[in-house]
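> Sharing upload.cif here; it has mmCIF, C-alpha atoms and all ligand atoms.
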```
data_upload
loop_
_atom_site.label_atom_id
_atom_site.label_comp_id
_atom_site.auth_asym_id
_atom_site.auth_seq_id
_atom_site.Cartn_x
_atom_site.Cartn_y
_atom_site.Cartn_z
CA MET A 1 -3.49 179.49 95.74
CA GLN A 2 -6.13 176.86 95.03
CA SER A 3 -5.31 173.20 95.71
CA ILE A 4 -5.08 170.69 92.86
CA VAL A 5 -7.92 168.21 92.34
CA PRO A 6 -5.90 165.00 91.88
CA MET A 7 -6.50 162.16 89.43
CA GLN A 8 -5.45 159.62 92.10
CA CYS A 9 -5.86 159.55 95.89
CA LEU A 10 -3.65 156.56 96.80
CA GLN A 11 -2.14 158.25 99.84
CA ARG A 12 -5.61 159.09 101.20
CA GLU A 13 -6.63 155.47 100.68
CA TYR A 14 -3.67 154.30 102.75
CA GLU A 15 -4.22 156.87 105.50
CA ALA A 16 -7.92 155.95 105.77
CA ASP A 17 -7.11 152.37 106.83
CA LYS A 18 -3.46 152.62 107.88
CA GLU A 19 -3.69 150.59 111.10
CA THR A 20 -5.27 147.65 109.28
CA PHE A 21 -2.68 147.72 106.50
CA LEU A 22 0.20 147.82 108.98
CA SER A 23 -1.18 144.88 110.93
CA VAL A 24 -1.65 142.92 107.68
CA PHE A 25 1.97 143.71 106.75
CA ASP A 26 3.09 142.41 110.12
CA ALA A 27 1.02 139.22 109.78
CA VAL A 28 2.52 138.37 106.36
CA CYS A 29 6.08 139.16 107.44
CA SER A 30 5.69 137.21 110.69
CA ALA A 31 4.52 134.18 108.67
CA SER A 32 7.20 134.76 105.96
CA ALA A 33 4.39 134.11 103.46
CA PHE A 34 5.93 136.25 100.76
CA CYS A 35 5.35 134.32 97.53
CA ASP A 36 1.96 132.71 96.97
CA GLY A 37 1.05 131.01 100.29
CA ASP A 38 -1.92 131.14 102.65
CA PHE A 39 -2.80 134.82 102.25
CA VAL A 40 -2.99 134.46 98.48
CA ARG A 41 -5.02 131.23 98.84
CA ALA A 42 -7.50 133.06 101.08
CA PHE A 43 -7.78 135.97 98.65
CA GLU A 44 -8.37 133.57 95.75
CA ARG A 45 -11.22 131.91 97.66
CA GLU A 46 -12.75 135.24 98.65
CA PHE A 47 -12.47 136.80 95.18
CA ALA A 48 -14.03 133.71 93.56
CA ALA A 49 -16.89 133.85 96.11
CA HIS A 50 -17.34 137.60 95.47
CA LEU A 51 -17.80 136.79 91.76
CA ALA A 52 -19.88 133.65 92.48
CA LEU A 53 -17.40 131.54 90.49
CA ARG A 54 -15.64 128.27 91.30
CA GLY A 55 -12.07 129.27 90.54
CA CYS A 56 -9.52 132.07 90.89
CA SER A 57 -5.76 132.08 90.39
CA GLY A 58 -3.84 135.06 91.78
CA VAL A 59 -0.97 136.24 89.58
CA ASN A 60 1.55 139.08 89.51
CA SER A 61 -0.25 141.44 87.06
CA GLY A 62 -3.19 141.82 84.71
CA THR A 63 -0.80 141.33 81.82
CA SER A 64 0.23 137.95 83.24
CA ALA A 65 -3.45 137.07 83.78
CA LEU A 66 -4.15 137.68 80.07
CA PHE A 67 -0.99 135.92 78.88
CA LEU A 68 -1.47 132.83 81.08
CA THR A 69 -5.15 132.55 80.12
CA MET A 70 -4.27 132.62 76.43
CA LYS A 71 -1.49 130.03 76.97
CA ALA A 72 -3.87 127.81 78.95
CA LEU A 73 -6.45 128.06 76.15
CA GLY A 74 -3.79 126.85 73.71
CA VAL A 75 -3.26 130.13 71.84
CA GLY A 76 0.11 130.19 70.05
CA ARG A 77 2.05 130.67 66.83
CA GLY A 78 -0.13 130.73 63.70
CA ASP A 79 -3.28 131.74 65.60
CA GLU A 80 -5.13 135.03 65.34
CA VAL A 81 -6.74 136.71 68.34
CA VAL A 82 -9.28 139.51 67.81
CA VAL A 83 -8.85 142.37 70.32
CA PRO A 84 -10.18 145.94 70.41
CA SER A 85 -7.86 148.70 69.22
CA ALA A 86 -9.07 151.22 71.81
CA THR A 87 -7.62 149.71 74.98
CA PHE A 88 -4.41 149.51 77.00
CA PHE A 89 -1.37 147.99 75.26
CA ALA A 90 -1.33 144.85 77.45
CA THR A 91 -4.55 143.43 75.95
CA ALA A 92 -2.67 142.92 72.68
CA SER A 93 0.93 142.57 73.91
CA ALA A 94 -0.22 139.45 75.79
CA VAL A 95 -1.27 138.01 72.41
CA LEU A 96 2.18 138.73 70.96
CA MET A 97 3.81 137.09 73.99
CA THR A 98 2.10 133.80 73.08
CA GLY A 99 3.44 134.00 69.51
CA ALA A 100 -0.05 134.59 68.05
CA THR A 101 -1.14 137.60 65.98
CA PRO A 102 -3.44 140.29 67.37
CA VAL A 103 -6.13 141.47 64.93
CA PHE A 104 -7.65 144.82 65.81
CA ALA A 105 -11.38 145.56 65.96
CA ASP A 106 -12.97 149.00 65.98
CA CYS A 107 -15.08 150.29 68.87
CA ASP A 108 -18.71 151.39 68.91
CA ALA A 109 -19.14 155.15 68.38
CA ARG A 110 -21.34 155.62 71.50
CA THR A 111 -20.23 153.03 74.07
CA TRP A 112 -16.57 153.03 72.95
CA GLN A 113 -16.64 149.27 73.59
CA ILE A 114 -15.48 146.61 71.12
CA SER A 115 -17.87 146.60 68.14
CA PRO A 116 -19.48 143.20 67.43
CA GLU A 117 -19.92 144.23 63.75
CA SER A 118 -16.22 144.94 63.47
CA VAL A 119 -15.33 141.64 65.19
CA ALA A 120 -17.63 139.73 62.80
CA SER A 121 -15.78 141.18 59.81
CA LEU A 122 -12.39 140.01 61.16
CA LEU A 123 -13.06 136.35 61.98
CA THR A 124 -11.14 133.85 59.83
CA GLU A 125 -10.38 130.13 60.10
CA LYS A 126 -7.21 131.15 61.97
CA THR A 127 -9.10 133.00 64.73
CA LYS A 128 -8.55 131.12 67.99
CA LEU A 129 -9.94 133.57 70.52
CA ILE A 130 -11.81 136.87 70.94
CA VAL A 131 -10.81 139.20 73.79
CA GLY A 132 -13.41 141.77 74.86
CA VAL A 133 -12.34 144.62 77.14
CA HIS A 134 -14.71 146.28 79.61
CA LEU A 135 -13.27 149.67 78.75
CA TYR A 136 -13.04 152.30 81.50
CA GLY A 137 -15.26 150.09 83.71
CA GLY A 138 -18.23 150.10 81.31
CA ALA A 139 -19.42 146.76 79.95
CA PHE A 140 -18.91 145.48 76.42
CA ASP A 141 -21.70 143.54 74.75
CA THR A 142 -20.99 140.05 76.15
CA ASN A 143 -24.19 138.72 74.52
CA ALA A 144 -23.20 139.71 71.00
CA ILE A 145 -19.54 138.74 71.39
CA GLY A 146 -20.53 135.43 73.02
CA LYS A 147 -22.86 134.70 70.10
CA LEU A 148 -20.13 135.41 67.53
CA ALA A 149 -17.63 133.25 69.41
CA GLY A 150 -20.18 130.44 69.75
CA GLU A 151 -20.97 130.50 66.03
CA ALA A 152 -17.25 130.40 65.23
CA GLY A 153 -16.70 127.53 67.70
CA ILE A 154 -14.08 129.46 69.67
CA PRO A 155 -13.97 130.89 73.21
CA TYR A 156 -13.95 134.52 74.23
CA ILE A 157 -12.43 135.98 77.38
CA GLU A 158 -13.07 139.19 79.26
CA ASP A 159 -10.29 141.66 79.94
CA ALA A 160 -11.88 142.93 83.15
CA CYS A 161 -8.73 144.76 84.28
CA GLN A 162 -10.70 148.01 84.53
CA ALA A 163 -13.99 146.43 85.55
CA ALA A 164 -13.99 145.30 89.18
CA GLY A 165 -17.51 146.17 90.34
CA THR A 166 -19.05 146.38 86.85
CA LYS A 167 -22.31 144.46 86.39
CA ILE A 168 -24.21 143.06 83.42
CA GLY A 169 -27.82 142.06 84.10
CA GLY A 170 -26.98 142.05 87.83
CA LYS A 171 -24.03 139.63 87.38
CA ARG A 172 -20.44 140.75 87.79
CA ALA A 173 -18.27 141.44 84.74
CA GLY A 174 -15.51 138.88 84.34
CA THR A 175 -17.91 135.97 84.86
CA PHE A 176 -19.37 135.66 81.34
CA GLY A 177 -16.57 134.42 79.07
CA ALA A 178 -14.31 131.35 79.32
CA ALA A 179 -12.31 133.39 81.85
CA GLY A 180 -12.07 136.89 83.30
CA CYS A 181 -8.73 138.65 83.71
CA PHE A 182 -8.30 141.30 86.41
CA SER A 183 -5.54 143.77 87.21
CA PHE A 184 -4.87 145.00 90.73
CA TYR A 185 -2.49 147.77 89.68
CA PRO A 186 -2.65 150.33 92.54
CA THR A 187 -4.98 152.77 90.76
CA LYS A 188 -7.56 150.14 89.78
CA ASN A 189 -10.98 149.90 91.49
CA ILE A 190 -9.40 147.29 93.75
CA GLY A 191 -5.67 148.03 93.83
CA ALA A 192 -2.73 146.23 95.43
CA PHE A 193 0.27 147.97 97.02
CA GLY A 194 2.27 147.08 93.94
CA GLU A 195 1.48 144.82 90.98
CA GLY A 196 -1.15 142.08 90.99
CA GLY A 197 -3.76 140.32 88.90
CA ALA A 198 -6.09 137.32 88.80
CA VAL A 199 -7.75 134.92 86.40
CA VAL A 200 -11.25 133.81 87.34
CA SER A 201 -13.41 131.10 85.81
CA ASP A 202 -15.93 128.36 86.53
CA ASP A 203 -13.61 126.04 84.60
CA GLU A 204 -11.55 124.55 87.42
CA ALA A 205 -9.24 122.67 85.04
CA LEU A 206 -8.35 125.98 83.36
CA ILE A 207 -7.62 127.58 86.74
CA ARG A 208 -5.44 124.58 87.74
CA ARG A 209 -3.52 124.85 84.46
CA ILE A 210 -2.87 128.55 85.09
CA GLY A 211 -1.71 127.70 88.63
CA PHE A 212 0.73 125.20 87.10
CA LEU A 213 2.07 127.55 84.39
CA LYS A 214 2.56 130.45 86.83
CA LYS A 215 4.84 128.26 89.01
CA HIS A 216 7.40 127.17 86.41
CA ALA A 217 5.23 124.24 85.24
CA GLN A 218 6.74 122.26 88.11
CA THR A 219 5.47 118.94 89.46
CA PRO A 220 5.63 118.20 93.23
CA ASP A 221 8.67 115.98 92.59
CA GLY A 222 10.60 118.81 90.92
CA ASP A 223 10.17 117.95 87.24
CA HIS A 224 9.40 120.86 84.90
CA LEU A 225 7.06 119.49 82.25
CA GLU A 226 7.22 122.42 79.82
CA LEU A 227 8.18 126.09 79.64
CA GLY A 228 6.63 127.67 82.73
CA PHE A 229 6.84 131.13 84.23
CA ASN A 230 7.27 132.87 87.56
CA MET A 231 4.02 134.83 87.66
CA ARG A 232 2.80 134.13 91.20
CA MET A 233 0.99 136.71 93.31
CA GLU A 234 3.00 138.00 96.26
CA GLY A 235 1.70 137.17 99.75
CA LEU A 236 1.64 140.84 100.79
CA GLN A 237 -0.55 141.72 97.81
CA GLY A 238 -2.97 138.88 98.53
CA ALA A 239 -3.27 140.05 102.13
CA PHE A 240 -3.78 143.73 101.23
CA LEU A 241 -6.30 142.79 98.54
CA ARG A 242 -8.39 140.85 101.09
CA VAL A 243 -8.78 144.12 103.01
CA LYS A 244 -9.54 146.13 99.86
CA LEU A 245 -12.13 143.59 98.66
CA GLN A 246 -14.28 144.35 101.69
CA SER A 247 -14.79 147.96 100.60
CA LEU A 248 -14.85 147.44 96.81
CA ASP A 249 -18.62 147.70 96.38
CA ARG A 250 -18.86 150.79 98.60
CA ALA A 251 -16.05 152.48 96.66
CA VAL A 252 -17.71 151.66 93.33
CA GLU A 253 -21.02 153.12 94.58
CA ARG A 254 -19.20 156.37 95.33
CA ARG A 255 -17.61 156.32 91.84
CA ARG A 256 -21.09 155.85 90.33
CA ALA A 257 -22.53 158.76 92.32
CA ILE A 258 -19.69 161.07 91.25
CA ALA A 259 -20.05 159.96 87.62
CA ALA A 260 -23.83 160.58 87.65
CA TYR A 261 -23.10 164.12 88.82
CA TYR A 262 -20.48 164.65 86.08
CA ARG A 263 -22.84 163.32 83.40
CA GLN A 264 -25.32 166.06 84.31
CA ALA A 265 -22.52 168.61 84.01
CA ALA A 266 -21.47 167.31 80.59
CA GLU A 267 -25.10 167.49 79.41
CA ARG A 268 -25.35 171.08 80.59
CA SER A 269 -22.08 171.99 78.87
CA GLY A 270 -23.26 170.64 75.52
CA ALA A 271 -19.63 170.58 74.34
CA LEU A 272 -18.60 167.27 75.90
CA ARG A 273 -19.50 163.72 74.87
CA TYR A 274 -19.21 160.96 77.45
CA GLN A 275 -19.28 157.16 77.36
CA GLN A 276 -22.75 155.62 76.97
CA SER A 277 -23.61 152.38 78.79
CA LEU A 278 -25.47 149.46 77.26
CA PRO A 279 -28.98 148.91 78.71
CA GLY A 280 -28.98 146.57 81.72
CA THR A 281 -25.32 147.23 82.58
CA GLU A 282 -23.83 149.05 85.58
CA HIS A 283 -20.62 150.98 84.91
CA SER A 284 -18.02 150.95 87.70
CA TYR A 285 -16.26 154.14 86.54
CA HIS A 286 -12.66 153.10 86.88
CA LEU A 287 -12.31 156.14 84.63
CA PHE A 288 -14.70 158.96 83.75
CA VAL A 289 -13.80 159.95 80.21
CA VAL A 290 -15.11 162.87 78.18
CA ALA A 291 -14.58 163.71 74.51
CA PRO A 292 -14.33 167.43 73.77
CA GLY A 293 -13.84 168.84 70.26
CA SER A 294 -10.24 169.79 71.10
CA ARG A 295 -8.27 167.87 73.74
CA ALA A 296 -5.59 170.58 73.92
CA ASP A 297 -8.19 173.28 74.57
CA PHE A 298 -10.07 171.26 77.21
CA THR A 299 -7.00 170.08 79.15
CA ALA A 300 -5.60 173.64 79.26
CA TYR A 301 -9.01 174.84 80.53
CA MET A 302 -9.01 172.19 83.29
CA ARG A 303 -5.37 172.94 84.21
CA ASP A 304 -6.26 176.62 84.64
CA ARG A 305 -8.91 175.51 87.16
CA GLY A 306 -6.41 173.36 89.09
CA ILE A 307 -7.92 170.06 87.94
CA GLU A 308 -5.67 167.21 86.83
CA THR A 309 -6.57 165.20 83.74
CA ALA A 310 -5.05 162.18 81.96
CA VAL A 311 -5.37 160.51 78.57
CA HIS A 312 -6.45 156.86 78.24
CA TYR A 313 -5.19 156.31 75.52
CA PRO A 314 -3.58 158.68 73.04
CA ILE A 315 -2.77 156.14 70.29
CA PRO A 316 -5.04 153.25 69.24
CA LEU A 317 -3.24 149.91 69.25
CA HIS A 318 -3.41 149.40 65.49
CA LEU A 319 -1.29 152.56 65.10
CA GLN A 320 1.23 151.75 67.86
CA THR A 321 4.81 151.31 66.68
CA ALA A 322 4.98 147.82 68.21
CA PHE A 323 2.05 146.67 66.06
CA TYR A 324 1.84 148.93 63.04
CA GLY A 325 2.44 147.18 59.76
CA GLY A 326 2.00 143.62 60.89
CA TYR A 327 -1.60 143.58 62.01
CA TYR A 328 -3.10 146.69 60.49
CA ARG A 329 -6.10 145.80 58.36
CA GLY A 330 -7.38 149.27 57.54
CA ALA A 331 -8.65 152.38 59.27
CA LEU A 332 -10.64 152.02 62.50
CA PRO A 333 -12.42 155.38 62.51
CA ASN A 334 -14.20 155.17 65.88
CA ALA A 335 -11.08 154.06 67.78
CA GLU A 336 -9.04 156.77 66.07
CA ALA A 337 -11.61 159.48 66.88
CA LEU A 338 -11.82 158.35 70.53
CA CYS A 339 -8.04 158.31 71.00
CA ARG A 340 -7.75 161.77 69.38
CA ARG A 341 -10.23 163.32 71.85
CA CYS A 342 -10.51 161.29 75.09
CA VAL A 343 -9.70 162.98 78.40
CA SER A 344 -10.08 161.36 81.84
CA VAL A 345 -11.11 163.56 84.78
CA PRO A 346 -10.74 162.79 88.53
CA VAL A 347 -13.32 160.24 89.78
CA SER A 348 -11.57 158.65 92.77
CA PRO A 349 -13.97 157.62 95.58
CA LEU A 350 -11.75 159.53 98.03
CA LEU A 351 -12.25 162.92 96.41
CA THR A 352 -13.98 165.32 98.78
CA ASP A 353 -17.38 166.78 97.92
CA ALA A 354 -15.70 170.17 97.46
CA GLU A 355 -13.33 168.63 94.89
CA THR A 356 -16.06 166.86 92.90
CA GLU A 357 -18.03 170.13 92.98
CA ARG A 358 -15.08 171.90 91.34
CA VAL A 359 -14.90 169.25 88.60
CA TYR A 360 -18.69 169.46 88.13
CA GLU A 361 -18.60 173.24 87.72
CA ALA A 362 -15.66 173.09 85.31
CA LEU A 363 -17.42 170.50 83.12
CA ARG A 364 -20.73 172.37 83.25
CA ASP A 365 -19.14 175.67 82.26
CA TYR A 366 -16.97 174.34 79.42
CA ARG A 367 -17.86 176.13 76.18
CA GLY A 368 -15.23 174.84 73.74
CA ALA A 369 -16.11 173.31 70.40
CA SER A 370 -18.03 170.03 70.62
CA PRO A 371 -16.81 166.92 68.75
CA GLU A 372 -19.47 167.62 66.09
CA GLU A 373 -18.23 171.18 65.51
CA SER A 374 -14.50 170.50 65.38
C1 LIG A 401 -7.61 147.07 79.85
C2 LIG A 401 -6.34 146.63 80.53
N1 LIG A 401 -5.80 145.43 80.19
C3 LIG A 401 -4.68 144.99 80.79
C4 LIG A 401 -4.02 145.72 81.74
C5 LIG A 401 -2.75 145.21 82.32
O1 LIG A 401 -2.77 145.11 83.71
P1 LIG A 401 -1.41 145.24 84.55
O2 LIG A 401 -0.98 146.67 84.49
O3 LIG A 401 -1.80 144.81 85.93
O4 LIG A 401 -0.42 144.32 83.93
C6 LIG A 401 -4.55 146.95 82.14
C7 LIG A 401 -3.92 147.74 83.21
O5 LIG A 401 -3.43 148.78 83.11
C8 LIG A 401 -5.73 147.43 81.51
O6 LIG A 401 -6.25 148.61 81.84
#
```
Would you write out, as structure tokens, the structure that this file holds?

Amino acid sequence: MQSIVPMQCLQREYEADKETFLSVFDAVCSASAFCDGDFVRAFEREFAAHLALRGCSGVNSGTSALFLTMKALGVGRGDEVVVPSATFFATASAVLMTGATPVFADCDARTWQISPESVASLLTEKTKLIVGVHLYGGAFDTNAIGKLAGEAGIPYIEDACQAAGTKIGGKRAGTFGAAGCFSFYPTKNIGAFGEGGAVVSDDEALIRRIGFLKKHAQTPDGDHLELGFNMRMEGLQGAFLRVKLQSLDRAVERRRAIAAYYRQAAERSGALRYQQSLPGTEHSYHLFVVAPGSRADFTAYMRDRGIETAVHYPIPLHLQTAFYGGYYRGALPNAEALCRRCVSVPVSPLLTDAETERVYEALRDYRGASPEES
């Protein structure tokens, strides 16, 4: 029986550096540095330096990073925040958590990134913030979104949860907007051994405010000045992430090499569309996503070849039950078409060459209907 080509290789990642991880675990436990503390401080410094930014605040998830950034920027009840519809739920649930209203933008038909034209059509005097998402590890058009935000006199932030290692004009994604929000969920390009996230920015006052809000808005003398939250990063995660950061760029290079190979296969198939990158940007391939004419047909075909697939994401946010009705401003045809067809295939840097070869051959030989024919 043939082995399965897995979507994730978390166990392999652990085994590859097990001794280091166990010694890091011992160091954190020996120091009892479980919540926040020196290991998190060191990771914050190292992650900020990696991005060539002045500030980083480690938090307990990407969702918290988004929520705290919005709170720190003063987003709240009565405000509108423009977000893409084709993204993970948390980009918009973080808006709801502040009391503001998410307003959904369509994506571009080729890059699948937030469409500046769609954003422009949604701006009102109530718009307080634009959130761009570097979807799947590709880059959204920070120039165009930055220009729109500037003209409207509001900030924009980058949801870089899928974009560790992505570059725009040689600079790292997450460093262009008022702040960048990262997730360190275990499957991300740099993943913790549990939940984790970070907010990064050159605005040190913003980073300090996030540091205050994530620790119950508490002063050194024990007064709580407002509603704060417990959204600190755990010491163990900070310590593991310091190890992972050292190999991030190497792992992303391997993702890029695998993706380049798969793109050739998709071209040769002729029945599969894949995400296009904007000129001057370097995709980090958190996910390699294809769009066949029929998702059911393609996933069954891959299953027959022993290759796992996943769907990111089956329902655009403007049609999610949690949002539908309140924030729906009309059809978003590109986001709906993407969510109807998208299929992610294995692109982990720890796949063996034999495994990526099997994915390559399956993509190359796929002869189902193309999106244009279906
Ligand atoms: C685009 C995007 N935004 C936000 C999040 C939320 O991150 P977390 O799962 O760490 O809360 C994720 C992670 O899944 C994501 O992919």
> Using all atoms listed in the file, what are the residues with an atom within 7 Å of ligand LIG 401 (chain A), set out as a short mmCIF file (atom, residue, chain, number, x, y, z; two decimals) with C-alpha atoms, in the coordinates of the input?

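This is the output file result-v4.cif:
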```cif
data_model
loop_
_atom_site.label_atom_id
_atom_site.label_comp_id
_atom_site.auth_asym_id
_atom_site.auth_seq_id
_atom_site.Cartn_x
_atom_site.Cartn_y
_atom_site.Cartn_z
CA SER A 61 -0.25 141.44 87.06
CA GLY A 62 -3.19 141.82 84.71
CA THR A 63 -0.80 141.33 81.82
CA SER A 64 0.23 137.95 83.24
CA THR A 87 -7.62 149.71 74.98
CA PHE A 88 -4.41 149.51 77.00
CA ALA A 90 -1.33 144.85 77.45
CA THR A 91 -4.55 143.43 75.95
CA VAL A 133 -12.34 144.62 77.14
CA LEU A 135 -13.27 149.67 78.75
CA ASP A 159 -10.29 141.66 79.94
CA ALA A 160 -11.88 142.93 83.15
CA CYS A 161 -8.73 144.76 84.28
CA GLN A 162 -10.70 148.01 84.53
CA SER A 183 -5.54 143.77 87.21
CA PHE A 184 -4.87 145.00 90.73
CA TYR A 185 -2.49 147.77 89.68
CA GLU A 195 1.48 144.82 90.98
CA GLY A 196 -1.15 142.08 90.99
CA GLY A 197 -3.76 140.32 88.90
#
```
> Which of these, A:Ala300, A:Ala266, A:Ile210, A:Leu338, has the shortest distance to Gly74 in chain A once you count only C-alpha atoms?
A:Ile210
> Which residues come within 10 Å of Leu225 in chain A, counting only C-alpha atoms, excluding same-chain residues fewer than 6 positions away, as a PyMOL selection string?
chain A and resi 212-213+216-219
> Which residue is closest to Ala33 in chain A? Choose from A:Ala179, A:Val131, A:Leu236, A:Ser294 and count all atoms listed in the file.
A:Leu236
> Give the answer as one residue: which of A:Pro186, A:Asp304, A:Tyr327, A:Ala48 has the shortest atom-to-atom distance to Glu80 in chain A, using only C-alpha atoms?
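Comparing A:Pro186, A:Asp304, A:Tyr327, A:Ala48 against Glu80 in chain A, the winner is A:Tyr327.
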> Just want the 9 Å neighbourhood of Ser201 in chain A, counted on all atoms listed in the file, with same-chain residues fewer than 4 positions away dropped. Output as an MDAnalysis selection string.
chainID A and resid 48 53:57 174:180 206:207
> Write the residues of the selection above to a file with C-alpha atoms, as a CSV table (one decimal), keeping the file's coordinate frame.

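This is the output file again_29.csv:
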```
chain,number,residue,atom,x,y,z
A,48,ALA,CA,-14.0,133.7,93.6
A,53,LEU,CA,-17.4,131.5,90.5
A,54,ARG,CA,-15.6,128.3,91.3
A,55,GLY,CA,-12.1,129.3,90.5
A,56,CYS,CA,-9.5,132.1,90.9
A,57,SER,CA,-5.8,132.1,90.4
A,174,GLY,CA,-15.5,138.9,84.3
A,175,THR,CA,-17.9,136.0,84.9
A,176,PHE,CA,-19.4,135.7,81.3
A,177,GLY,CA,-16.6,134.4,79.1
A,178,ALA,CA,-14.3,131.4,79.3
A,179,ALA,CA,-12.3,133.4,81.8
A,180,GLY,CA,-12.1,136.9,83.3
A,206,LEU,CA,-8.4,126.0,83.4
A,207,ILE,CA,-7.6,127.6,86.7
```
> So that I can see what lies close to Arg250 in chain A, please list as JSON, numbers by chain the residues with an atom at most 12 Å from it, counting only C-alpha atoms and leaving out residues fewer than 5 positions away in the same chain.
{"A": [164, 165, 189, 190, 244, 245, 255, 256, 257, 284, 349, 350]}
> Between range 262-315 of chain A and range 100-118 of chain A, at 9 Å or less, what are the per-residue closest atom pairs and their distances in Å? Count only C-alpha atoms, order by chain and rising residue number, and return it as a tab-separated table.

```
residue	atom	partner	partner_atom	distance
A:Arg273	CA	A:Arg110	CA	9.0
A:Tyr274	CA	A:Arg110	CA	8.3
A:Gln275	CA	A:Thr111	CA	5.4
A:Gln276	CA	A:Thr111	CA	4.6
A:Ser277	CA	A:Thr111	CA	5.8
A:Leu278	CA	A:Thr111	CA	7.1
```
> Set up a box along x, y and z of the file covering all listed atoms of range 39-49 of chain A, add 3 Å on every one of the six sides, and write the centre and edge lengths in Å to one decimal, as lines of an AutoDock Vina configuration file.

```
center_x = -9.8
center_y = 134.0
center_z = 97.9
size_x = 20.1
size_y = 11.6
size_z = 14.7
```
> Would you mind telling me which residue in A:Glu13, A:Val24, A:Asn60, A:Arg367 lies nearest to Ala251 in chain A when using all atoms listed in the file?
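Smallest distance to Ala251 in chain A is found for A:Glu13.
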> Which residue out of A:Lys214, A:Ala296, A:Ser344, A:His50 has the minimum interatomic distance to Leu248 in chain A when all atoms listed in the file are used?
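Residue with the minimum atom-to-atom distance to Leu248 in chain A: A:His50.
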> Please provide as a PyMOL selection string all residues within 9 Å of Thr127 in chain A, with the sequence filter that same-chain residues fewer than 2 positions apart are discarded (counting only C-alpha atoms).
chain A and resi 79-82+103+122-125+129-130+152+154
> Grab the CA of Gln2 in chain A to CA of Glu357 in chain A distance for me, in Å with one decimal place.
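Separation between CA of Gln2 in chain A and CA of Glu357 in chain A: 13.8 Å.
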> I'd like the interatomic distance between CA of Ile4 in chain A and CA of Gly293 in chain A, to a tenth of an Å.
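Interatomic distance, CA of Ile4 in chain A to CA of Gly293 in chain A: 24.3 Å.
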> Please determine, counting all atoms listed in the file, which residue among A:Asp36, A:Glu15, A:Glu158, A:Glu226 has the shortest atom-to-atom distance to Met70 in chain A.
A:Glu158
> So that I can see what lies close to Glu355 in chain A, please list as a ChimeraX atom specification the residues with an atom at most 12 Å from it, counting all atoms listed in the file and leaving out residues fewer than 3 positions away in the same chain.
/A:2-7,9,258,305-308,345-352,358-362
> Please report the interatomic distance between CA of Phe25 in chain A and CA of Met231 in chain A in Å with one decimal.
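Interatomic distance here is 21.2 Å.
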> Could you rebuild range 261-272 of chain A with N, CA and C atoms and give it back as a PDB file, in the coordinates of the input?

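Contents of selection-v2.pdb, as written:
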```pdb
ATOM      1  N   TYR A 261     -23.190 162.666  88.661  1.00  0.00           N
ATOM      2  CA  TYR A 261     -23.100 164.120  88.820  1.00  0.00           C
ATOM      3  C   TYR A 261     -22.375 164.741  87.609  1.00  0.00           C
ATOM      4  N   TYR A 262     -21.256 164.131  87.215  1.00  0.00           N
ATOM      5  CA  TYR A 262     -20.480 164.650  86.080  1.00  0.00           C
ATOM      6  C   TYR A 262     -21.264 164.538  84.768  1.00  0.00           C
ATOM      7  N   ARG A 263     -22.069 163.483  84.654  1.00  0.00           N
ATOM      8  CA  ARG A 263     -22.840 163.320  83.400  1.00  0.00           C
ATOM      9  C   ARG A 263     -23.820 164.481  83.239  1.00  0.00           C
ATOM     10  N   GLN A 264     -24.426 164.889  84.363  1.00  0.00           N
ATOM     11  CA  GLN A 264     -25.320 166.060  84.310  1.00  0.00           C
ATOM     12  C   GLN A 264     -24.552 167.290  83.847  1.00  0.00           C
ATOM     13  N   ALA A 265     -23.337 167.440  84.370  1.00  0.00           N
ATOM     14  CA  ALA A 265     -22.520 168.610  84.010  1.00  0.00           C
ATOM     15  C   ALA A 265     -22.189 168.589  82.527  1.00  0.00           C
ATOM     16  N   ALA A 266     -21.825 167.413  82.005  1.00  0.00           N
ATOM     17  CA  ALA A 266     -21.470 167.310  80.590  1.00  0.00           C
ATOM     18  C   ALA A 266     -22.679 167.620  79.704  1.00  0.00           C
ATOM     19  N   GLU A 267     -23.863 167.166  80.157  1.00  0.00           N
ATOM     20  CA  GLU A 267     -25.100 167.490  79.410  1.00  0.00           C
ATOM     21  C   GLU A 267     -25.308 169.002  79.371  1.00  0.00           C
ATOM     22  N   ARG A 268     -25.095 169.634  80.520  1.00  0.00           N
ATOM     23  CA  ARG A 268     -25.350 171.080  80.590  1.00  0.00           C
ATOM     24  C   ARG A 268     -24.317 171.851  79.780  1.00  0.00           C
ATOM     25  N   SER A 269     -23.103 171.332  79.688  1.00  0.00           N
ATOM     26  CA  SER A 269     -22.080 171.990  78.870  1.00  0.00           C
ATOM     27  C   SER A 269     -22.478 171.962  77.393  1.00  0.00           C
ATOM     28  N   GLY A 270     -22.912 170.801  76.939  1.00  0.00           N
ATOM     29  CA  GLY A 270     -23.260 170.640  75.520  1.00  0.00           C
ATOM     30  C   GLY A 270     -22.052 170.472  74.631  1.00  0.00           C
ATOM     31  N   ALA A 271     -20.836 170.650  75.178  1.00  0.00           N
ATOM     32  CA  ALA A 271     -19.630 170.580  74.340  1.00  0.00           C
ATOM     33  C   ALA A 271     -18.813 169.320  74.638  1.00  0.00           C
ATOM     34  N   LEU A 272     -19.354 168.459  75.481  1.00  0.00           N
ATOM     35  CA  LEU A 272     -18.600 167.270  75.900  1.00  0.00           C
ATOM     36  C   LEU A 272     -19.418 166.010  75.682  1.00  0.00           C
TER      37      LEU A 272
END
```
